[in-house]
>>> print(open('structure.txt').read())   # compact mmCIF, C-alpha atoms
# COMPACT_ATOMS: atom_id res chain seq x y z
CA MET A 1 69.82 153.14 -44.08
CA TYR A 2 72.48 154.93 -46.17
CA LYS A 3 71.30 155.59 -49.71
CA ILE A 4 73.73 155.08 -52.57
CA ASP A 5 73.25 157.83 -55.15
CA TRP A 6 76.31 157.26 -57.33
CA THR A 7 75.96 155.72 -60.80
CA LEU A 8 77.92 153.13 -62.73
CA GLU A 9 78.94 155.85 -65.18
CA GLN A 10 80.49 157.83 -62.31
CA LEU A 11 82.39 154.74 -61.19
CA GLU A 12 83.64 154.13 -64.73
CA ILE A 13 84.84 157.73 -65.06
CA PHE A 14 86.51 157.66 -61.63
CA VAL A 15 88.31 154.36 -62.36
CA ALA A 16 89.49 155.69 -65.74
CA ALA A 17 90.82 158.86 -64.04
CA VAL A 18 92.85 156.77 -61.58
CA GLU A 19 94.15 154.34 -64.19
CA GLN A 20 94.95 156.95 -66.85
CA GLY A 21 96.71 159.27 -64.40
CA SER A 22 94.81 162.45 -65.27
CA PHE A 23 91.35 163.79 -66.00
CA SER A 24 92.29 164.73 -69.55
CA ALA A 25 93.66 161.23 -70.30
CA ALA A 26 90.50 159.69 -68.81
CA GLY A 27 88.40 161.90 -71.11
CA ARG A 28 90.34 160.72 -74.14
CA LYS A 29 90.01 157.10 -73.01
CA LEU A 30 86.23 157.39 -72.65
CA SER A 31 85.76 159.82 -75.57
CA ILE A 32 84.22 162.49 -73.33
CA ALA A 33 85.20 166.05 -72.46
CA GLN A 34 87.67 166.66 -69.63
CA SER A 35 85.08 168.90 -67.98
CA LYS A 36 82.69 165.97 -67.72
CA VAL A 37 85.39 163.93 -65.98
CA SER A 38 86.08 166.75 -63.51
CA ASN A 39 82.38 167.35 -62.81
CA SER A 40 81.67 163.63 -62.40
CA VAL A 41 84.53 163.19 -59.89
CA ALA A 42 83.42 166.29 -57.98
CA ASP A 43 79.82 165.02 -57.81
CA LEU A 44 81.05 161.64 -56.58
CA GLU A 45 83.11 163.28 -53.84
CA LEU A 46 80.07 165.30 -52.79
CA ILE A 47 77.86 162.19 -52.66
CA LEU A 48 80.40 160.20 -50.63
CA GLY A 49 81.51 163.09 -48.43
CA LEU A 50 85.13 162.16 -49.20
CA GLN A 51 88.00 163.73 -51.08
CA LEU A 52 88.99 161.14 -53.67
CA PHE A 53 91.73 163.16 -55.38
CA SER A 54 94.31 165.55 -54.00
CA ARG A 55 94.51 168.68 -56.12
CA ALA A 56 97.59 170.14 -54.43
CA LYS A 57 99.64 169.38 -57.55
CA LYS A 58 98.99 170.13 -61.19
CA THR A 59 97.90 166.53 -61.79
CA PRO A 60 95.26 165.23 -59.34
CA THR A 61 96.44 162.14 -57.44
CA PRO A 62 94.22 159.67 -55.52
CA THR A 63 94.02 160.18 -51.76
CA PRO A 64 94.18 157.12 -49.43
CA GLU A 65 90.37 157.20 -49.42
CA GLY A 66 90.43 157.45 -53.21
CA ASN A 67 92.66 154.40 -53.52
CA LYS A 68 90.34 152.43 -51.25
CA PHE A 69 87.30 153.53 -53.23
CA TYR A 70 89.11 152.61 -56.47
CA ASP A 71 89.54 148.99 -55.34
CA ASN A 72 85.83 148.69 -54.60
CA ALA A 73 84.73 150.56 -57.73
CA LYS A 74 86.95 148.40 -59.95
CA SER A 75 85.52 145.24 -58.37
CA ILE A 76 81.95 146.45 -59.00
CA LEU A 77 82.67 147.23 -62.66
CA ILE A 78 84.28 143.81 -63.20
CA LYS A 79 81.24 142.09 -61.69
CA CYS A 80 78.90 144.16 -63.85
CA GLU A 81 80.88 143.19 -66.95
CA ARG A 82 80.64 139.52 -65.99
CA ILE A 83 76.88 139.81 -65.47
CA ASN A 84 76.54 141.50 -68.85
CA THR A 85 78.65 138.81 -70.55
CA ASP A 86 76.71 136.00 -68.85
CA MET A 87 73.37 137.45 -69.93
CA ILE A 88 74.56 137.82 -73.52
CA ASN A 89 75.83 134.24 -73.50
CA ILE A 90 72.56 132.93 -72.07
CA SER A 91 70.56 134.82 -74.72
CA MET A 92 72.77 133.15 -77.36
CA GLY A 93 72.22 129.70 -75.85
CA MET A 94 75.79 129.43 -74.55
CA GLU A 95 76.43 127.19 -71.56
CA ASN A 96 77.41 128.97 -68.34
CA ALA A 97 78.69 125.76 -66.67
CA LEU A 98 80.00 122.35 -67.74
CA THR A 99 81.25 119.26 -65.94
CA ILE A 100 83.86 117.15 -67.74
CA ALA A 101 85.04 113.78 -66.43
CA ILE A 102 88.44 112.30 -67.30
CA GLU A 103 89.47 108.72 -66.72
CA ASP A 104 93.05 108.32 -65.47
CA GLY A 105 95.78 107.16 -67.81
CA LEU A 106 94.94 109.66 -70.53
CA PRO A 107 97.52 111.81 -72.39
CA PHE A 108 96.95 114.97 -70.36
CA GLY A 109 99.41 117.02 -72.39
CA LYS A 110 97.04 117.37 -75.35
CA ILE A 111 93.95 117.65 -73.15
CA ASP A 112 95.53 120.38 -71.03
CA LEU A 113 96.11 122.46 -74.16
CA ILE A 114 92.41 122.20 -74.98
CA PHE A 115 91.49 123.36 -71.47
CA LYS A 116 93.89 126.29 -71.85
CA GLU A 117 92.05 127.33 -75.01
CA ILE A 118 88.67 127.00 -73.25
CA ALA A 119 89.83 129.44 -70.56
CA ALA A 120 90.80 132.01 -73.19
CA LYS A 121 87.80 131.54 -75.52
CA PHE A 122 85.06 131.22 -72.87
CA PRO A 123 86.26 133.29 -69.86
CA SER A 124 82.84 133.33 -68.14
CA LEU A 125 82.36 129.54 -68.30
CA SER A 126 82.31 127.73 -64.97
CA LEU A 127 84.15 124.46 -65.64
CA THR A 128 84.31 121.47 -63.29
CA ILE A 129 86.86 118.76 -64.17
CA ILE A 130 86.62 115.49 -62.24
CA ASN A 131 88.54 112.23 -62.22
CA ALA A 132 86.40 109.15 -61.59
CA PRO A 133 86.20 105.40 -62.24
CA HIS A 134 84.58 104.32 -65.48
CA LYS A 135 81.29 103.12 -63.96
CA GLU A 136 80.83 106.38 -62.04
CA ILE A 137 81.46 108.36 -65.22
CA ILE A 138 78.84 106.37 -67.15
CA GLN A 139 76.28 106.81 -64.36
CA GLY A 140 77.09 110.51 -64.14
CA ILE A 141 76.39 110.96 -67.86
CA ILE A 142 73.12 109.04 -67.63
CA ASN A 143 72.05 111.10 -64.58
CA ARG A 144 73.03 114.34 -66.39
CA ASN A 145 75.65 115.21 -63.74
CA ILE A 146 78.41 115.00 -66.37
CA GLU A 147 78.08 116.67 -69.76
CA LEU A 148 81.22 115.28 -71.39
CA ALA A 149 83.70 112.50 -70.57
CA ILE A 150 87.00 111.24 -71.94
CA THR A 151 87.56 107.55 -71.19
CA LEU A 152 89.93 104.67 -71.93
CA SER A 153 87.62 101.80 -71.16
CA PRO A 154 85.92 99.35 -73.55
CA SER A 155 82.95 100.36 -75.69
CA VAL A 156 79.86 101.50 -73.83
CA PHE A 157 76.61 99.76 -74.60
CA SER A 158 73.89 102.17 -73.51
CA GLU A 159 71.02 103.70 -75.44
CA PHE A 160 71.60 106.93 -73.49
CA ILE A 161 75.26 107.45 -74.42
CA GLU A 162 76.86 108.62 -77.64
CA GLN A 163 80.53 107.70 -78.04
CA ARG A 164 83.16 109.05 -80.37
CA HIS A 165 86.59 107.57 -81.09
CA LEU A 166 89.51 109.91 -80.47
CA ASP A 167 92.75 107.95 -80.35
CA HIS A 168 94.53 104.83 -79.10
CA VAL A 169 96.77 104.69 -76.02
CA GLN A 170 99.39 101.95 -75.97
CA GLN A 171 99.50 99.54 -73.02
CA ILE A 172 102.81 98.34 -71.60
CA LEU A 173 103.79 95.67 -69.12
CA ILE A 174 105.20 97.04 -65.84
CA THR A 175 106.67 95.39 -62.77
CA SER A 176 109.25 95.98 -60.05
CA LYS A 177 112.91 95.69 -61.05
CA ASN A 178 113.30 92.97 -58.38
CA HIS A 179 110.33 90.93 -59.58
CA PRO A 180 111.08 87.64 -61.41
CA ILE A 181 109.22 88.89 -64.50
CA ALA A 182 111.74 91.74 -64.84
CA GLN A 183 114.55 89.19 -65.18
CA LEU A 184 112.99 87.63 -68.28
CA HIS A 185 114.01 88.96 -71.68
CA SER A 186 110.63 88.29 -73.27
CA PRO A 187 108.01 86.91 -70.83
CA SER A 188 105.42 84.63 -72.34
CA THR A 189 101.74 84.39 -71.45
CA ARG A 190 102.64 81.28 -69.43
CA ASP A 191 105.29 83.25 -67.52
CA LEU A 192 102.74 85.93 -66.65
CA SER A 193 100.22 83.37 -65.46
CA GLU A 194 102.62 82.22 -62.72
CA TYR A 195 102.64 85.61 -60.96
CA ARG A 196 100.03 87.93 -59.48
CA GLU A 197 98.36 90.32 -61.91
CA ILE A 198 97.28 93.78 -60.72
CA LYS A 199 94.21 95.14 -62.51
CA LEU A 200 91.59 97.86 -62.34
CA ILE A 201 88.45 96.89 -60.50
CA THR A 202 86.53 97.96 -63.63
CA ASP A 203 88.38 95.20 -65.52
CA MET A 204 87.29 92.47 -63.11
CA ASP A 205 85.16 90.83 -65.79
CA GLU A 206 87.75 91.24 -68.56
CA ASN A 207 90.26 88.62 -69.69
CA LYS A 208 93.08 88.03 -67.24
CA TYR A 209 96.43 86.34 -67.68
CA SER A 210 96.87 85.08 -64.13
CA PRO A 211 94.50 83.12 -61.87
CA SER A 212 95.78 85.31 -59.02
CA CYS A 213 94.60 88.93 -59.32
CA TRP A 214 94.39 92.03 -57.17
CA TYR A 215 91.99 94.82 -58.13
CA LEU A 216 92.46 98.55 -57.48
CA THR A 217 90.42 101.65 -58.26
CA ASN A 218 92.82 103.52 -60.59
CA TYR A 219 95.98 103.10 -62.63
CA PHE A 220 98.12 105.17 -60.28
CA ASN A 221 97.30 102.86 -57.37
CA VAL A 222 98.07 99.92 -59.65
CA ALA A 223 101.52 101.35 -60.44
CA GLY A 224 102.18 101.98 -56.76
CA VAL A 225 101.36 98.40 -55.76
CA VAL A 226 103.39 96.98 -58.65
CA SER A 227 106.43 99.00 -57.55
CA LEU A 228 106.34 97.13 -54.22
CA GLY A 229 107.14 93.86 -56.02
CA ILE A 230 103.67 92.42 -55.40
CA GLY A 231 102.93 91.61 -59.04
CA TRP A 232 102.81 92.91 -62.60
CA ALA A 233 100.29 94.92 -64.60
CA LEU A 234 99.32 96.20 -68.01
CA VAL A 235 98.87 99.98 -67.88
CA PRO A 236 98.69 102.85 -70.38
CA GLU A 237 102.18 103.98 -71.34
CA THR A 238 101.30 107.49 -70.08
CA VAL A 239 100.76 106.14 -66.54
CA PHE A 240 104.23 104.59 -66.45
CA ASN A 241 105.81 107.80 -67.74
CA TRP A 242 104.09 109.82 -65.01
CA THR A 243 104.76 107.47 -62.12
CA VAL A 244 108.21 105.98 -62.77
CA ASN A 245 109.94 108.79 -60.88
CA GLU A 246 107.54 108.56 -57.93
CA ASN A 247 107.66 104.77 -57.65
CA ASP A 248 111.30 103.80 -57.21
CA GLY A 249 112.14 100.51 -58.86
CA LEU A 250 109.26 100.48 -61.35
CA VAL A 251 110.30 99.14 -64.78
CA SER A 252 108.56 98.45 -68.05
CA ILE A 253 108.87 95.66 -70.59
CA LYS A 254 109.21 97.49 -73.89
CA LYS A 255 106.92 96.76 -76.78
CA ASN A 256 109.69 95.25 -78.89
CA ASN A 257 110.17 92.59 -76.21
CA TYR A 258 106.55 91.94 -75.42
CA LYS A 259 103.41 92.13 -77.51
CA THR A 260 100.64 93.56 -75.35
CA THR A 261 96.94 93.25 -75.79
CA LEU A 262 95.32 95.73 -78.17
CA PRO A 263 95.85 99.42 -77.32
CA LEU A 264 93.23 101.06 -75.17
CA GLU A 265 90.72 103.13 -77.10
CA MET A 266 90.32 106.75 -76.07
CA LYS A 267 86.71 107.93 -76.46
CA LEU A 268 84.57 111.01 -75.98
CA LEU A 269 81.20 110.32 -74.31
CA LYS A 270 78.02 112.32 -73.76
CA ARG A 271 74.27 111.75 -73.49
CA VAL A 272 72.60 111.15 -76.85
CA ASP A 273 69.88 113.71 -76.09
CA HIS A 274 72.17 116.41 -74.69
CA ILE A 275 71.45 119.75 -76.38
CA ASP A 276 74.85 121.12 -77.34
CA GLY A 277 75.54 124.80 -76.90
CA PRO A 278 78.43 126.74 -78.47
CA VAL A 279 80.95 125.47 -75.90
CA MET A 280 80.12 121.79 -76.44
CA ARG A 281 80.17 122.21 -80.21
CA TRP A 282 83.55 123.94 -79.97
CA LEU A 283 84.88 121.15 -77.74
CA TYR A 284 83.83 118.46 -80.24
CA GLU A 285 85.51 120.33 -83.08
CA LYS A 286 88.66 120.88 -80.99
CA PHE A 287 88.93 117.23 -79.90
CA ASP A 288 88.45 116.19 -83.55
CA ALA A 289 91.21 118.57 -84.63
CA VAL A 290 93.62 117.36 -81.94
CA PHE A 291 92.85 113.63 -82.01
CA GLY A 292 90.96 113.04 -85.27
CA GLY A 293 87.74 111.61 -83.84
CA ARG A 294 84.90 109.74 -85.52
CA ASP A 295 81.43 108.66 -84.39
CA LEU A 296 81.08 105.10 -83.10
CA ASN A 297 77.28 104.94 -82.76
>>> encode(input="structure.txt", output="structure tokens")
Amino acid sequence: MYKIDWTLEQLEIFVAAVEQGSFSAAGRKLSIAQSKVSNSVADLELILGLQLFSRAKKTPTPTPEGNKFYDNAKSILIKCERINTDMINISMGMENALTIAIEDGLPFGKIDLIFKEIAAKFPSLSLTIINAPHKEIIQGIINRNIELAITLSPSVFSEFIEQRHLDHVQQILITSKNHPIAQLHSPSTRDLSEYREIKLITDMDENKYSPSCWYLTNYFNVAGVVSLGIGWALVPETVFNWTVNENDGLVSIKKNNYKTTLPLEMKLLKRVDHIDGPVMRWLYEKFDAVFGGRDLN
């Protein structure tokens, strides 16, 4: 089996020589003498049995073999840096992976900005973001498959779950432009009761306006069915804004014409006994700064 005798220091010097364009510039970059750069490259060429730089000109330039070796050497150094960063983070108690669940209908604009900051602040973090129904999110937290969740559903009554208020999301009444409800200036509760209501399956046990209901798994499916003229629904205003262009004929009854039920409460959930590392603590502070949260337990 071929024995690898080169060192990480040799790879670092070689990569610097390629990227800086000369041995002298590589020496300045690494704060070492130019002679050490030259000797290190020569030793590496001897070990590999390849000419990595062409010395036909005053400034050495990488050969085709040198360019190929550069790609591999650069990849090795990046992986080593990641390993080093991960080990430092672990020694500091920092999480190396998190799973965050988001219930549909949330104001993704603000949440996306938080995720963008996570990517910059914790580059080695492995982050999984899932979208799931409320009951699956709760079970995932209890089973420790989900570390953090952002939901829109009613308060959670579980000894295992800590919940924190973030914000309110307004609900609006939506229907198809050809539906009888859309022809009414200000539909009453009695008007609504005469037509099919489309709801989330998680709201099956909640108050309903109509004796005739259909239940779907998420708000986007609700909006799609409503656009077909099958019924009406109460959905977060964000859902209507996202789907109105995709669902031709979908209209909303504005708040000044119709008083909805109370706004949906946006909450942050996690297990009560979850040991927070630096990432989780940063996330709580960031969500507080963006939404102004408070503990509900």
>>> closest_residue(input="structure.txt", among="A:Asn145, A:Ser252, A:Ser40, A:Asn131", to="A:His274", atoms="all atoms listed in the file")
A:Asn145
>>> atom_distance(input="structure.txt", atom1="atom CA of A:Leu250", atom2="atom CA of A:Ser212")
20.4 Å
>>> residues_around(input="structure.txt", residues="stretch 26-29 of chain A", least_positions_apart="6", cutoff="7 Å", atoms="all atoms listed in the file", output="count of residues only")
4
>>> atom_distance(input="structure.txt", atom1="atom CA of A:Glu19", atom2="atom CA of A:Ala120")
24.3 Å
>>> residues_around(input="structure.txt", residues="A:Ser227", least_positions_apart="4", cutoff="7 Å", atoms="only C-alpha atoms", output="PDB file with C-alpha atoms, in the frame of the given file")
ATOM      1  CA  THR A 175     106.670  95.390 -62.770  1.00  0.00           C
ATOM      2  CA  SER A 176     109.250  95.980 -60.050  1.00  0.00           C
ATOM      3  CA  ALA A 223     101.520 101.350 -60.440  1.00  0.00           C
ATOM      4  CA  ASN A 247     107.660 104.770 -57.650  1.00  0.00           C
ATOM      5  CA  ASP A 248     111.300 103.800 -57.210  1.00  0.00           C
ATOM      6  CA  GLY A 249     112.140 100.510 -58.860  1.00  0.00           C
ATOM      7  CA  LEU A 250     109.260 100.480 -61.350  1.00  0.00           C
TER       8      LEU A 250
END
>>> atom_distance(input="structure.txt", atom1="atom CA of A:Thr189", atom2="atom CA of A:Val222")
19.8 Å
>>> closest_residue(input="structure.txt", among="A:Asp273, A:Met266, A:Lys58, A:Phe287", to="A:His165", atoms="only C-alpha atoms")
A:Met266
>>> closest_residue(input="structure.txt", among="A:Val169, A:Ala289, A:Val279, A:Ile78", to="A:Ala119", atoms="only C-alpha atoms")
A:Val279
>>> residues_around(input="structure.txt", residues="A:Tyr215", least_positions_apart="6", cutoff="9 Å", atoms="only C-alpha atoms", output="list in words")
Glu197, Ile198, Lys199, Leu200, Ile201, Thr202, Asp203, Met204 and Val222 of chain A
>>> closest_residue(input="structure.txt", among="A:Ser158, A:Asn241, A:Asn96, A:Ser186", to="A:Met280", atoms="all atoms listed in the file")
A:Asn96
>>> closest_residue(input="structure.txt", among="A:Leu148, A:Val290, A:Ile129, A:Val251", to="A:Gly109", atoms="all atoms listed in the file")
A:Val290
>>> closest_residue(input="structure.txt", among="A:Ile138, A:Leu264, A:Ala33, A:Ala149", to="A:Ile102", atoms="only C-alpha atoms")
A:Ala149
>>> residues_near_point(input="structure.txt", point="(82.3, 106.2, -61.6)", cutoff="12 Å", atoms="all atoms listed in the file", output="PyMOL selection string")
chain A and resi 101-104+130-143+145-146+149+151+153+201-202+217-218
